[in-house]
file target-v2.cif (mmCIF, C-alpha atoms)
data_structure
#
loop_
_atom_site.label_atom_id
_atom_site.label_comp_id
_atom_site.auth_asym_id
_atom_site.auth_seq_id
_atom_site.Cartn_x
_atom_site.Cartn_y
_atom_site.Cartn_z
CA MET Y 44 -22.60 14.76 9.95
CA LYS Y 45 -21.84 14.48 13.60
CA LEU Y 46 -18.20 13.49 13.86
CA SER Y 47 -17.06 10.81 16.29
CA ALA Y 48 -14.77 11.99 19.10
CA GLU Y 49 -11.79 10.50 17.28
CA ALA Y 50 -12.60 12.19 13.98
CA ARG Y 51 -13.25 15.48 15.80
CA ASP Y 52 -9.78 15.23 17.39
CA VAL Y 53 -8.18 14.70 13.99
CA LEU Y 54 -10.07 17.63 12.51
CA GLU Y 55 -9.24 19.99 15.38
CA SER Y 56 -5.56 19.09 15.47
CA THR Y 57 -5.27 19.46 11.69
CA MET Y 58 -6.91 22.88 11.82
CA ARG Y 59 -4.57 23.91 14.65
CA MET Y 60 -1.56 22.62 12.78
CA ASN Y 61 -2.53 24.45 9.59
CA LYS Y 62 -3.34 27.64 11.51
CA VAL Y 63 -6.66 28.05 9.70
CA SER Y 64 -8.38 31.42 9.96
CA ASP Y 65 -11.78 31.83 11.62
CA ALA Y 66 -13.48 32.25 8.25
CA GLU Y 67 -11.89 29.05 6.99
CA ARG Y 68 -12.83 27.22 10.17
CA GLU Y 69 -16.42 28.24 9.62
CA ASP Y 70 -16.22 27.01 6.06
CA ILE Y 71 -14.80 23.64 7.16
CA GLU Y 72 -17.46 23.24 9.86
CA ARG Y 73 -20.14 23.98 7.28
CA VAL Y 74 -18.80 21.24 5.02
CA ILE Y 75 -18.64 18.73 7.89
CA GLU Y 76 -22.15 19.71 8.96
CA SER Y 77 -23.46 19.14 5.46
CA MET Y 78 -22.02 15.65 5.08
CA PRO Y 79 -24.62 12.86 5.32
CA GLU Y 80 -24.45 10.65 8.42
CA ASP Y 81 -24.13 7.59 6.23
CA ARG Y 82 -20.61 7.57 4.82
CA VAL Y 83 -21.60 4.95 2.27
CA LEU Y 84 -23.86 7.55 0.66
CA LEU Y 85 -20.93 9.89 0.51
CA TYR Y 86 -18.38 7.63 -1.13
CA LYS Y 87 -20.88 6.07 -3.50
CA ASN Y 88 -21.87 9.50 -4.79
CA VAL Y 89 -18.58 11.35 -5.18
CA VAL Y 90 -17.12 11.34 -8.68
CA SER Y 91 -13.49 10.24 -8.84
CA ASN Y 92 -10.84 10.52 -11.47
CA PRO Y 93 -9.65 6.92 -12.08
CA ILE Y 94 -6.01 7.99 -11.77
CA GLY Y 95 -6.63 9.70 -8.43
CA ASP Y 96 -7.82 12.96 -6.89
CA LEU Y 97 -6.06 13.44 -3.56
CA PRO Y 98 -2.36 13.41 -2.69
CA ARG Y 99 -0.96 10.27 -1.08
CA TYR Y 100 2.63 9.40 -2.07
CA ASP Y 101 5.39 11.78 -3.10
CA ILE Y 102 7.86 11.07 -5.89
CA HIS Y 103 10.48 9.46 -3.59
CA ILE Y 104 8.08 6.86 -2.23
CA ARG Y 105 6.89 6.07 -5.77
CA LEU Y 106 10.47 5.74 -6.95
CA GLN Y 107 11.33 3.41 -4.04
CA HIS Y 108 8.30 1.24 -4.83
CA MET Y 109 9.26 1.18 -8.49
CA LEU Y 110 12.86 0.17 -7.75
CA THR Y 111 11.73 -2.47 -5.29
CA PHE Y 112 9.12 -4.09 -7.49
CA VAL Y 113 11.25 -4.14 -10.65
CA THR Y 114 14.18 -5.70 -8.80
CA PHE Y 115 11.87 -8.01 -6.82
CA LEU Y 116 10.32 -9.57 -9.91
CA THR Y 117 13.57 -9.92 -11.81
CA LEU Y 118 15.31 -11.30 -8.70
CA ALA Y 119 12.57 -13.92 -8.45
CA PHE Y 120 12.91 -14.71 -12.13
CA THR Y 121 16.68 -15.22 -11.92
CA GLY Y 122 16.78 -16.54 -8.35
CA LEU Y 123 14.40 -19.49 -8.59
CA PRO Y 124 16.32 -21.24 -11.40
CA ILE Y 125 19.52 -20.78 -9.36
CA ALA Y 126 17.97 -22.26 -6.22
CA PHE Y 127 16.40 -25.17 -8.13
CA LEU Y 128 19.33 -25.64 -10.48
CA ASP Y 129 18.92 -29.37 -11.16
CA HIS Y 130 15.23 -29.18 -11.98
CA PHE Y 131 14.05 -29.72 -15.54
CA TRP Y 132 12.40 -26.28 -15.76
CA ALA Y 133 15.40 -24.39 -14.38
CA THR Y 134 17.66 -25.03 -17.39
CA PRO Y 135 15.54 -23.21 -19.99
CA LEU Y 136 15.05 -20.27 -17.61
CA ASN Y 137 18.79 -20.05 -16.97
CA ASP Y 138 19.50 -20.45 -20.68
CA PHE Y 139 17.04 -17.64 -21.38
CA VAL Y 140 19.45 -15.16 -19.77
CA GLY Y 141 22.60 -16.89 -21.05
CA GLY Y 142 23.33 -19.67 -18.56
CA VAL Y 143 23.43 -19.99 -14.80
CA ASP Y 144 26.61 -17.94 -14.50
CA VAL Y 145 24.87 -15.00 -16.14
CA SER Y 146 21.80 -15.58 -13.91
CA ARG Y 147 24.07 -15.28 -10.88
CA ILE Y 148 25.64 -12.03 -12.08
CA ILE Y 149 22.23 -10.51 -12.88
CA HIS Y 150 20.89 -11.73 -9.54
CA ARG Y 151 23.70 -10.10 -7.54
CA THR Y 152 23.58 -6.88 -9.52
CA LEU Y 153 19.83 -6.54 -9.02
CA ALA Y 154 20.23 -7.44 -5.35
CA SER Y 155 22.52 -4.46 -4.88
CA VAL Y 156 19.90 -2.22 -6.51
CA MET Y 157 17.29 -3.61 -4.12
CA VAL Y 158 19.56 -2.95 -1.14
CA PHE Y 159 20.07 0.57 -2.45
CA SER Y 160 16.30 1.03 -2.65
CA MET Y 161 15.94 -0.23 0.93
CA VAL Y 162 18.63 2.13 2.23
CA TYR Y 163 17.10 5.00 0.23
CA HIS Y 164 13.73 4.26 1.82
CA ILE Y 165 15.06 4.03 5.38
CA ILE Y 166 17.03 7.28 5.08
CA TYR Y 167 14.06 8.98 3.44
CA ILE Y 168 11.48 8.01 6.07
CA PHE Y 169 13.83 9.00 8.89
CA TRP Y 170 14.32 12.34 7.19
CA LEU Y 171 10.55 12.76 6.81
CA VAL Y 172 10.00 12.07 10.50
CA LEU Y 173 12.79 14.45 11.50
CA ARG Y 174 11.47 17.18 9.20
CA ASP Y 175 7.94 16.82 10.55
CA ILE Y 176 9.08 16.80 14.17
CA LEU Y 177 11.14 19.97 13.61
CA ASN Y 178 8.19 21.66 11.91
CA GLY Y 179 5.82 20.53 14.65
CA ARG Y 180 3.79 18.59 12.09
CA PHE Y 181 4.57 15.02 13.11
CA ILE Y 182 1.44 12.92 13.66
CA LEU Y 183 2.09 9.36 14.80
CA GLN Y 184 -1.35 8.21 13.63
CA ARG Y 185 -0.58 9.39 10.12
CA THR Y 186 2.45 7.09 9.84
CA LEU Y 187 2.74 3.33 9.35
CA ILE Y 188 3.58 2.75 13.01
CA PRO Y 189 0.97 0.33 14.45
CA THR Y 190 -1.27 1.66 17.21
CA PHE Y 191 -3.99 0.12 19.40
CA LYS Y 192 -6.53 1.75 17.10
CA ASP Y 193 -5.43 -0.66 14.35
CA ALA Y 194 -6.49 -3.65 16.45
CA ARG Y 195 -9.85 -1.98 17.02
CA ASP Y 196 -10.18 -1.09 13.32
CA PHE Y 197 -9.40 -4.69 12.43
CA LYS Y 198 -12.14 -5.94 14.75
CA ASP Y 199 -14.65 -3.37 13.48
CA ASP Y 200 -13.80 -4.04 9.85
CA MET Y 201 -14.28 -7.79 10.35
CA LEU Y 202 -17.63 -7.06 11.98
CA TYR Y 203 -18.53 -4.90 8.96
CA HIS Y 204 -17.57 -7.66 6.55
CA ALA Y 205 -19.59 -10.14 8.61
CA GLY Y 206 -22.61 -7.85 8.29
CA LYS Y 207 -22.67 -6.85 11.96
CA ARG Y 208 -21.88 -3.16 11.33
CA ASP Y 209 -23.19 -0.91 8.59
CA GLN Y 210 -20.09 1.30 8.26
CA ARG Y 211 -16.41 0.62 7.79
CA PRO Y 212 -14.36 1.94 10.74
CA GLU Y 213 -12.90 5.45 10.37
CA MET Y 214 -9.36 4.58 9.43
CA ASP Y 215 -6.29 6.75 9.09
CA LYS Y 216 -3.93 7.33 6.17
CA PHE Y 217 -2.63 3.77 6.54
CA MET Y 218 -5.10 1.10 7.58
CA TYR Y 219 -4.30 -2.07 9.56
CA LYS Y 220 -3.93 -4.19 6.42
CA GLN Y 221 -1.35 -1.85 4.92
CA LYS Y 222 0.64 -1.75 8.15
CA ILE Y 223 0.77 -5.55 8.36
CA HIS Y 224 1.82 -5.69 4.75
CA TYR Y 225 4.49 -3.04 5.15
CA PHE Y 226 6.15 -4.72 8.11
CA ALA Y 227 5.89 -8.13 6.46
CA ALA Y 228 7.74 -6.70 3.45
CA ALA Y 229 10.30 -4.98 5.69
CA PHE Y 230 10.94 -8.22 7.58
CA GLY Y 231 11.19 -10.20 4.33
CA ASN Y 232 13.59 -7.67 2.88
CA LEU Y 233 15.81 -7.90 5.94
CA VAL Y 234 15.86 -11.71 5.83
CA MET Y 235 16.74 -11.68 2.12
CA VAL Y 236 19.51 -9.11 2.54
CA VAL Y 237 21.08 -10.82 5.57
CA SER Y 238 20.88 -14.31 4.04
CA GLY Y 239 21.97 -13.14 0.59
CA SER Y 240 24.93 -11.26 2.02
CA SER Y 241 25.97 -14.36 3.96
CA PHE Y 242 26.50 -16.16 0.62
CA LEU Y 243 28.48 -13.26 -0.83
CA PHE Y 244 30.47 -12.37 2.29
CA PRO Y 245 30.74 -15.50 4.49
CA GLU Y 246 34.04 -14.27 6.00
CA PHE Y 247 32.41 -11.08 7.19
CA TRP Y 248 29.63 -12.95 8.99
CA ALA Y 249 32.06 -15.50 10.39
CA ALA Y 250 34.13 -12.62 11.77
CA ILE Y 251 31.27 -10.96 13.65
CA LEU Y 252 29.42 -14.10 14.84
CA PRO Y 253 30.46 -16.10 17.94
CA VAL Y 254 33.00 -18.83 17.20
CA GLY Y 255 31.24 -22.10 16.46
CA SER Y 256 27.97 -20.64 15.26
CA ALA Y 257 29.11 -19.35 11.85
CA SER Y 258 28.52 -22.63 10.04
CA TYR Y 259 25.08 -23.09 11.63
CA PHE Y 260 24.29 -19.54 10.56
CA GLN Y 261 25.35 -20.32 7.00
CA GLU Y 262 23.12 -23.39 6.93
CA MET Y 263 20.18 -21.43 8.28
CA MET Y 264 20.71 -18.73 5.68
CA ARG Y 265 20.94 -21.35 2.89
CA LEU Y 266 17.49 -22.54 3.95
CA SER Y 267 15.89 -19.19 4.60
CA HIS Y 268 16.89 -17.40 1.38
CA PRO Y 269 14.85 -19.52 -1.09
CA HIS Y 270 12.03 -20.13 1.40
CA GLU Y 271 11.56 -16.46 2.17
CA ALA Y 272 11.70 -15.76 -1.57
CA LEU Y 273 8.87 -18.19 -2.30
CA LEU Y 274 6.86 -16.79 0.59
CA ALA Y 275 7.38 -13.23 -0.66
CA LEU Y 276 6.37 -14.13 -4.20
CA LEU Y 277 3.20 -15.80 -2.94
CA VAL Y 278 2.33 -12.81 -0.75
CA ILE Y 279 2.84 -10.41 -3.66
CA ALA Y 280 0.95 -12.49 -6.22
CA PHE Y 281 -2.02 -13.47 -4.08
CA TRP Y 282 -2.35 -10.77 -1.48
CA HIS Y 283 -0.83 -7.51 -2.70
CA TRP Y 284 -2.03 -7.80 -6.29
CA TYR Y 285 -5.48 -8.81 -5.17
CA ASN Y 286 -5.70 -5.68 -3.05
CA VAL Y 287 -4.38 -3.23 -5.63
CA HIS Y 288 -5.56 -4.75 -8.91
CA LEU Y 289 -8.37 -7.24 -8.50
CA ALA Y 290 -10.41 -6.12 -5.50
CA PRO Y 291 -13.80 -4.59 -6.29
CA GLY Y 292 -13.36 -0.84 -6.69
CA ARG Y 293 -9.69 -1.20 -7.68
CA PHE Y 294 -10.00 -3.30 -10.85
CA PRO Y 295 -8.18 -3.21 -13.24
CA MET Y 296 -5.56 -1.14 -11.47
CA GLN Y 297 -5.09 1.33 -8.66
CA TRP Y 298 -3.01 4.17 -10.12
CA THR Y 299 -1.55 5.42 -6.86
CA PHE Y 300 1.86 3.84 -7.46
CA LEU Y 301 2.27 5.92 -10.62
CA THR Y 302 0.38 9.15 -9.95
CA GLY Y 303 0.82 9.28 -6.18
CA LYS Y 304 -2.88 10.12 -5.89
CA ILE Y 305 -5.79 8.23 -4.40
CA THR Y 306 -9.40 8.43 -5.60
CA ARG Y 307 -11.68 10.32 -3.23
CA GLU Y 308 -14.05 7.37 -3.23
CA HIS Y 309 -11.28 5.15 -1.83
CA GLN Y 310 -10.09 7.85 0.57
CA ILE Y 311 -13.56 8.32 2.10
CA GLU Y 312 -14.22 4.61 2.35
CA GLU Y 313 -10.95 3.35 3.79
CA HIS Y 314 -9.10 6.43 5.02
CA PHE Y 315 -11.82 8.71 6.33
CA LEU Y 316 -9.59 10.44 8.89
CA GLU Y 317 -7.09 11.33 6.17
CA TYR Y 318 -10.00 12.64 4.10
CA LEU Y 319 -10.86 15.02 6.94
CA ARG Y 320 -7.27 16.33 6.79
CA ASN Y 321 -7.69 16.73 3.03
CA LEU Y 322 -10.80 18.83 3.66
CA VAL Y 323 -8.78 21.14 5.90
CA GLU Y 324 -5.73 21.31 3.64
CA ILE Y 325 -7.42 21.48 0.22
CA PRO Y 326 -10.10 24.21 -0.09
CA ALA Y 327 -11.04 22.97 -3.58
CA GLU Y 328 -12.05 19.63 -2.06
CA ARG Y 329 -14.50 21.39 0.29
CA GLU Y 330 -15.99 23.23 -2.65
CA TYR Y 331 -16.29 20.02 -4.62
CA LEU Y 332 -18.02 18.23 -1.77
CA LEU Y 333 -20.58 21.01 -1.19
CA ASP Y 334 -21.38 21.19 -4.92
CA MET Y 335 -21.75 17.43 -5.15
CA GLU Y 336 -24.03 17.27 -2.11
CA ASP Y 337 -26.15 20.07 -3.54
CA ALA Y 338 -26.39 18.45 -6.94
CA ARG Y 339 -27.38 15.10 -5.48
CA GLU Y 340 -29.47 16.49 -2.64
CA LEU Y 341 -27.33 14.69 -0.09
CA SER Y 342 -26.66 17.57 2.25
CA SER Y 343 -27.73 16.64 5.76
CA THR Y 344 -28.50 20.29 6.55
CA ASP Y 345 -31.27 20.61 3.99
CA ILE Y 346 -32.65 17.11 3.88
CA ASP Y 347 -36.39 17.08 3.57
CA GLU Y 348 -37.53 14.36 5.99
CA SER Y 349 -40.34 13.33 3.67
CA VAL Y 350 -37.96 12.48 0.85
CA VAL Y 351 -36.30 9.10 1.09
CA ILE Y 352 -32.91 9.05 -0.55
CA GLU Y 353 -32.23 5.67 -1.99
CA LYS Y 354 -28.81 4.24 -1.41
CA PRO Y 355 -27.21 3.46 -4.77
CA GLU Y 356 -26.08 -0.12 -5.33
CA MET U 106 -18.37 6.61 -8.70
CA ILE U 107 -15.10 6.41 -10.56
CA LYS U 108 -15.13 8.05 -13.97
CA LYS U 109 -14.40 5.94 -17.03
CA MET U 110 -10.77 5.67 -18.02
CA THR U 111 -9.61 7.14 -21.30
CA PRO U 112 -8.63 4.55 -23.96
CA VAL U 113 -4.91 5.17 -23.30
CA GLN U 114 -5.36 4.72 -19.55
CA LYS U 115 -7.37 1.59 -20.19
CA ILE U 116 -4.69 0.07 -22.41
CA PHE U 117 -2.05 0.87 -19.82
CA ALA U 118 -4.06 -0.54 -16.93
CA TYR U 119 -4.97 -3.78 -18.70
CA ALA U 120 -1.41 -4.23 -19.98
CA THR U 121 -0.17 -3.95 -16.39
CA LEU U 122 -2.82 -6.43 -15.36
CA ALA U 123 -1.68 -8.84 -18.07
CA MET U 124 1.87 -8.56 -16.77
CA ILE U 125 0.87 -9.36 -13.22
CA PHE U 126 -1.07 -12.37 -14.46
CA PHE U 127 2.17 -13.67 -15.90
CA TRP U 128 3.76 -13.30 -12.49
CA THR U 129 0.73 -14.80 -10.79
CA ILE U 130 1.35 -17.92 -12.83
CA PHE U 131 4.86 -17.73 -11.45
CA GLY U 132 3.17 -17.58 -8.04
CA PHE U 133 1.29 -20.80 -8.77
CA PHE U 134 4.60 -22.23 -9.87
CA THR U 135 6.07 -21.50 -6.44
CA ILE U 136 3.23 -23.51 -4.89
CA TYR U 137 4.22 -26.36 -7.19
CA LEU U 138 7.81 -25.98 -6.00
CA LEU U 139 6.75 -26.02 -2.35
CA LEU U 140 4.61 -29.10 -2.88
CA THR U 141 7.20 -31.08 -4.80
CA GLU U 142 10.42 -30.06 -3.08
CA TYR U 143 9.59 -29.95 0.61
#
call {"tool": "encode", "arguments": {"input": "target-v2.cif", "output": "structure tokens"}}
result
Amino acid sequence: MKLSAEARDVLESTMRMNKVSDAEREDIERVIESMPEDRVLLYKNVVSNPIGDLPRYDIHIRLQHMLTFVTFLTLAFTGLPIAFLDHFWATPLNDFVGGVDVSRIIHRTLASVMVFSMVYHIIYIFWLVLRDILNGRFILQRTLIPTFKDARDFKDDMLYHAGKRDQRPEMDKFMYKQKIHYFAAAFGNLVMVVSGSSFLFPEFWAAILPVGSASYFQEMMRLSHPHEALLALLVIAFWHWYNVHLAPGRFPMQWTFLTGKITREHQIEEHFLEYLRNLVEIPAEREYLLDMEDARELSSTDIDESVVIEKPE
Amino acid sequence: MIKKMTPVQKIFAYATLAMIFFWTIFGFFTIYLLLTEY
């Protein structure tokens, strides 16, 4: 495979960063050389373990996700009947946990766990960035920070889905969709924490806001807390779960949130640049790829021009 | 190609799916709330 300039940059910088030896460099180049030009052929032919092959999330990130989603769902379950207290359906839901007073206590307790998870996440990612900068291993493109490339990837991916391109764009560890989703969740979290805290600590907010605007602020927060909650629940139920559970290739479940690993099929299709880093960092992956290409006669270096390789469905 | 899941993995995955379907119904419920309340 002839790498694009962008992919070549990623490969070179990863090899530099990992201080690979000349022999290893040769090995990596041989693997790249052998890859078929058509990436679809590659990701349709690799064999993946359903629970994941390649590292993606460490234990802290998985724990933060776990804390956030458990508290999120239970907050929604206790919060909606509080917000819609006089509705016919709210009474049985409140009664289910022992009355609206109990709902409120559970809601506030879980909220503090969610805030803890948020703080844990913020401290953790700052620490990760600091650690990587100090070790000279920080790569902006490998983080969730949006770049111009994401806009281009978005355009190219839409063209692919419209049938105007035959390959997905070469995306990094986090693709445009994940970045949008992450910042949407971060914004939502902030709105919920600020508005929720304004109900619990109105004096605090009144003390730091300009005189005269505290009551307007309270009214705005009263409106935004349930609205943002409904919005978040809709986004999770119809966007996030589609992408990680129902989308073709992910059904019935993507295991990354538990195992921290991504399937190589998924990595090659949607995160090709990260897959190149995997090839540099994981020698076993290079071996696997060469064996697979040999077994399936995919290697671009020994393709017999007279043999037509059919693309699998 | 993704290998077949083991029976235990399959049970786990489909049980998780069943749980999110419950919450998806909750999601539909929020649409009902939006349509009736606002």
call {"tool": "residues_around", "arguments": {"input": "target-v2.cif", "residues": "U:Ile125", "least_positions_apart": "4", "cutoff": "12 Å", "atoms": "all atoms listed in the file", "output": "list in words"}}
result
Phe112, Val113, Leu116, Leu276, Ile279, Ala280, Phe281, His283, Trp284, Tyr285, Val287, His288, Leu289, Pro295 and Met296 of chain Y; Ala118, Tyr119, Ala120, Thr121, Thr129, Ile130, Phe131 and Gly132 of chain U
call {"tool": "closest_atom_pairs", "arguments": {"input": "target-v2.cif", "of": "chain Y", "to": "chain U", "cutoff": "10 Å", "atoms": "only C-alpha atoms", "output": "JSON lines"}}
result
{"residue": "Y:Tyr86", "atom": "CA", "partner": "U:Met106", "partner_atom": "CA", "distance": 7.6}
{"residue": "Y:Lys87", "atom": "CA", "partner": "U:Met106", "partner_atom": "CA", "distance": 5.8}
{"residue": "Y:Asn88", "atom": "CA", "partner": "U:Met106", "partner_atom": "CA", "distance": 6.0}
{"residue": "Y:Val89", "atom": "CA", "partner": "U:Met106", "partner_atom": "CA", "distance": 5.9}
{"residue": "Y:Val90", "atom": "CA", "partner": "U:Met106", "partner_atom": "CA", "distance": 4.9}
{"residue": "Y:Ser91", "atom": "CA", "partner": "U:Ile107", "partner_atom": "CA", "distance": 4.5}
{"residue": "Y:Asn92", "atom": "CA", "partner": "U:Lys108", "partner_atom": "CA", "distance": 5.5}
{"residue": "Y:Pro93", "atom": "CA", "partner": "U:Ile107", "partner_atom": "CA", "distance": 5.7}
{"residue": "Y:Ile94", "atom": "CA", "partner": "U:Met110", "partner_atom": "CA", "distance": 8.2}
{"residue": "Y:Gly95", "atom": "CA", "partner": "U:Ile107", "partner_atom": "CA", "distance": 9.3}
{"residue": "Y:Leu116", "atom": "CA", "partner": "U:Trp128", "partner_atom": "CA", "distance": 8.0}
{"residue": "Y:Ala119", "atom": "CA", "partner": "U:Phe131", "partner_atom": "CA", "distance": 9.1}
{"residue": "Y:Phe120", "atom": "CA", "partner": "U:Phe131", "partner_atom": "CA", "distance": 8.6}
{"residue": "Y:Leu123", "atom": "CA", "partner": "U:Thr135", "partner_atom": "CA", "distance": 8.8}
{"residue": "Y:Phe127", "atom": "CA", "partner": "U:Leu138", "partner_atom": "CA", "distance": 8.9}
{"residue": "Y:His270", "atom": "CA", "partner": "U:Leu139", "partner_atom": "CA", "distance": 8.8}
{"residue": "Y:Ala272", "atom": "CA", "partner": "U:Thr135", "partner_atom": "CA", "distance": 9.4}
{"residue": "Y:Leu273", "atom": "CA", "partner": "U:Thr135", "partner_atom": "CA", "distance": 6.0}
{"residue": "Y:Leu274", "atom": "CA", "partner": "U:Thr135", "partner_atom": "CA", "distance": 8.5}
{"residue": "Y:Ala275", "atom": "CA", "partner": "U:Gly132", "partner_atom": "CA", "distance": 9.5}
{"residue": "Y:Leu276", "atom": "CA", "partner": "U:Gly132", "partner_atom": "CA", "distance": 6.1}
{"residue": "Y:Leu277", "atom": "CA", "partner": "U:Gly132", "partner_atom": "CA", "distance": 5.4}
{"residue": "Y:Val278", "atom": "CA", "partner": "U:Gly132", "partner_atom": "CA", "distance": 8.8}
{"residue": "Y:Ile279", "atom": "CA", "partner": "U:Gly132", "partner_atom": "CA", "distance": 8.4}
{"residue": "Y:Ala280", "atom": "CA", "partner": "U:Thr129", "partner_atom": "CA", "distance": 5.1}
{"residue": "Y:Phe281", "atom": "CA", "partner": "U:Thr129", "partner_atom": "CA", "distance": 7.4}
{"residue": "Y:Trp284", "atom": "CA", "partner": "U:Ile125", "partner_atom": "CA", "distance": 7.7}
{"residue": "Y:His288", "atom": "CA", "partner": "U:Leu122", "partner_atom": "CA", "distance": 7.2}
{"residue": "Y:Leu289", "atom": "CA", "partner": "U:Leu122", "partner_atom": "CA", "distance": 8.9}
{"residue": "Y:Gly292", "atom": "CA", "partner": "U:Ile107", "partner_atom": "CA", "distance": 8.4}
{"residue": "Y:Arg293", "atom": "CA", "partner": "U:Ile107", "partner_atom": "CA", "distance": 9.8}
{"residue": "Y:Phe294", "atom": "CA", "partner": "U:Ala118", "partner_atom": "CA", "distance": 8.9}
{"residue": "Y:Pro295", "atom": "CA", "partner": "U:Ala118", "partner_atom": "CA", "distance": 6.1}
{"residue": "Y:Met296", "atom": "CA", "partner": "U:Ala118", "partner_atom": "CA", "distance": 5.7}
{"residue": "Y:Gln297", "atom": "CA", "partner": "U:Ala118", "partner_atom": "CA", "distance": 8.5}
{"residue": "Y:Trp298", "atom": "CA", "partner": "U:Ala118", "partner_atom": "CA", "distance": 8.3}
{"residue": "Y:Thr306", "atom": "CA", "partner": "U:Ile107", "partner_atom": "CA", "distance": 7.8}
{"residue": "Y:Arg307", "atom": "CA", "partner": "U:Ile107", "partner_atom": "CA", "distance": 9.0}
{"residue": "Y:Glu308", "atom": "CA", "partner": "U:Met106", "partner_atom": "CA", "distance": 7.0}
{"residue": "Y:His309", "atom": "CA", "partner": "U:Ile107", "partner_atom": "CA", "distance": 9.6}
call {"tool": "closest_residue", "arguments": {"input": "target-v2.cif", "among": "Y:Met60, Y:Leu322, Y:Ile251, Y:Leu85", "to": "Y:Asn178", "atoms": "all atoms listed in the file"}}
result
Y:Met60
call {"tool": "atom_distance", "arguments": {"input": "target-v2.cif", "atom1": "atom CA of Y:Ile223", "atom2": "atom CA of Y:Ala194"}}
result
11.0 Å
call {"tool": "atom_distance", "arguments": {"input": "target-v2.cif", "atom1": "atom CA of Y:Leu187", "atom2": "atom CA of Y:Leu97"}}
result
18.6 Å
call {"tool": "resolve_selection", "arguments": {"input": "target-v2.cif", "expression": "the PyMOL selection byres ((chain Y and resi 312) around 8)", "output": "CSV table (one decimal) with C-alpha atoms, in the coordinates of the input"}}
result
chain,number,residue,atom,x,y,z
Y,82,ARG,CA,-20.6,7.6,4.8
Y,83,VAL,CA,-21.6,5.0,2.3
Y,86,TYR,CA,-18.4,7.6,-1.1
Y,211,ARG,CA,-16.4,0.6,7.8
Y,308,GLU,CA,-14.0,7.4,-3.2
Y,309,HIS,CA,-11.3,5.2,-1.8
Y,310,GLN,CA,-10.1,7.8,0.6
Y,311,ILE,CA,-13.6,8.3,2.1
Y,313,GLU,CA,-11.0,3.4,3.8
Y,314,HIS,CA,-9.1,6.4,5.0
Y,315,PHE,CA,-11.8,8.7,6.3
call {"tool": "residues_around", "arguments": {"input": "target-v2.cif", "residues": "Y:Met161", "least_positions_apart": "4", "cutoff": "9 Å", "atoms": "all atoms listed in the file", "output": "ChimeraX atom specification"}}
result
/Y:107,111,156-157,165-166,229,232
call {"tool": "write_last_selection", "arguments": {"input": "target-v2.cif", "atoms": "C-alpha atoms", "output": "mmCIF file, in the coordinates of the input"}}
result
data_model
loop_
_atom_site.group_PDB
_atom_site.id
_atom_site.type_symbol
_atom_site.label_atom_id
_atom_site.label_comp_id
_atom_site.auth_asym_id
_atom_site.auth_seq_id
_atom_site.Cartn_x
_atom_site.Cartn_y
_atom_site.Cartn_z
ATOM 1 C CA GLN Y 107 11.330 3.410 -4.040
ATOM 2 C CA THR Y 111 11.730 -2.470 -5.290
ATOM 3 C CA VAL Y 156 19.900 -2.220 -6.510
ATOM 4 C CA MET Y 157 17.290 -3.610 -4.120
ATOM 5 C CA ILE Y 165 15.060 4.030 5.380
ATOM 6 C CA ILE Y 166 17.030 7.280 5.080
ATOM 7 C CA ALA Y 229 10.300 -4.980 5.690
ATOM 8 C CA ASN Y 232 13.590 -7.670 2.880
#
call {"tool": "atom_distance", "arguments": {"input": "target-v2.cif", "atom1": "atom CA of Y:Asp200", "atom2": "atom CA of Y:Ala290"}}
result
15.9 Å
call {"tool": "decode", "arguments": {"input": "target-v2.cif", "residues": "stretch 84-95 of chain Y", "atoms": "C-alpha atoms", "output": "PDB file, in the first residue's frame"}}
result
ATOM      1  CA  LEU Y  84     -10.309  -5.600   1.489  1.00  0.00           C
ATOM      2  CA  LEU Y  85      -8.164  -5.316   4.559  1.00  0.00           C
ATOM      3  CA  TYR Y  86     -10.840  -4.756   7.177  1.00  0.00           C
ATOM      4  CA  LYS Y  87     -13.251  -7.221   5.628  1.00  0.00           C
ATOM      5  CA  ASN Y  88     -10.626  -9.963   5.782  1.00  0.00           C
ATOM      6  CA  VAL Y  89      -9.017  -9.549   9.187  1.00  0.00           C
ATOM      7  CA  VAL Y  90     -10.375 -11.806  11.911  1.00  0.00           C
ATOM      8  CA  SER Y  91     -11.375  -9.981  15.080  1.00  0.00           C
ATOM      9  CA  ASN Y  92     -12.103 -11.121  18.574  1.00  0.00           C
ATOM     10  CA  PRO Y  93     -15.624  -9.805  19.346  1.00  0.00           C
ATOM     11  CA  ILE Y  94     -14.450  -8.380  22.675  1.00  0.00           C
ATOM     12  CA  GLY Y  95     -11.573  -6.507  21.034  1.00  0.00           C
TER      13      GLY Y  95
END
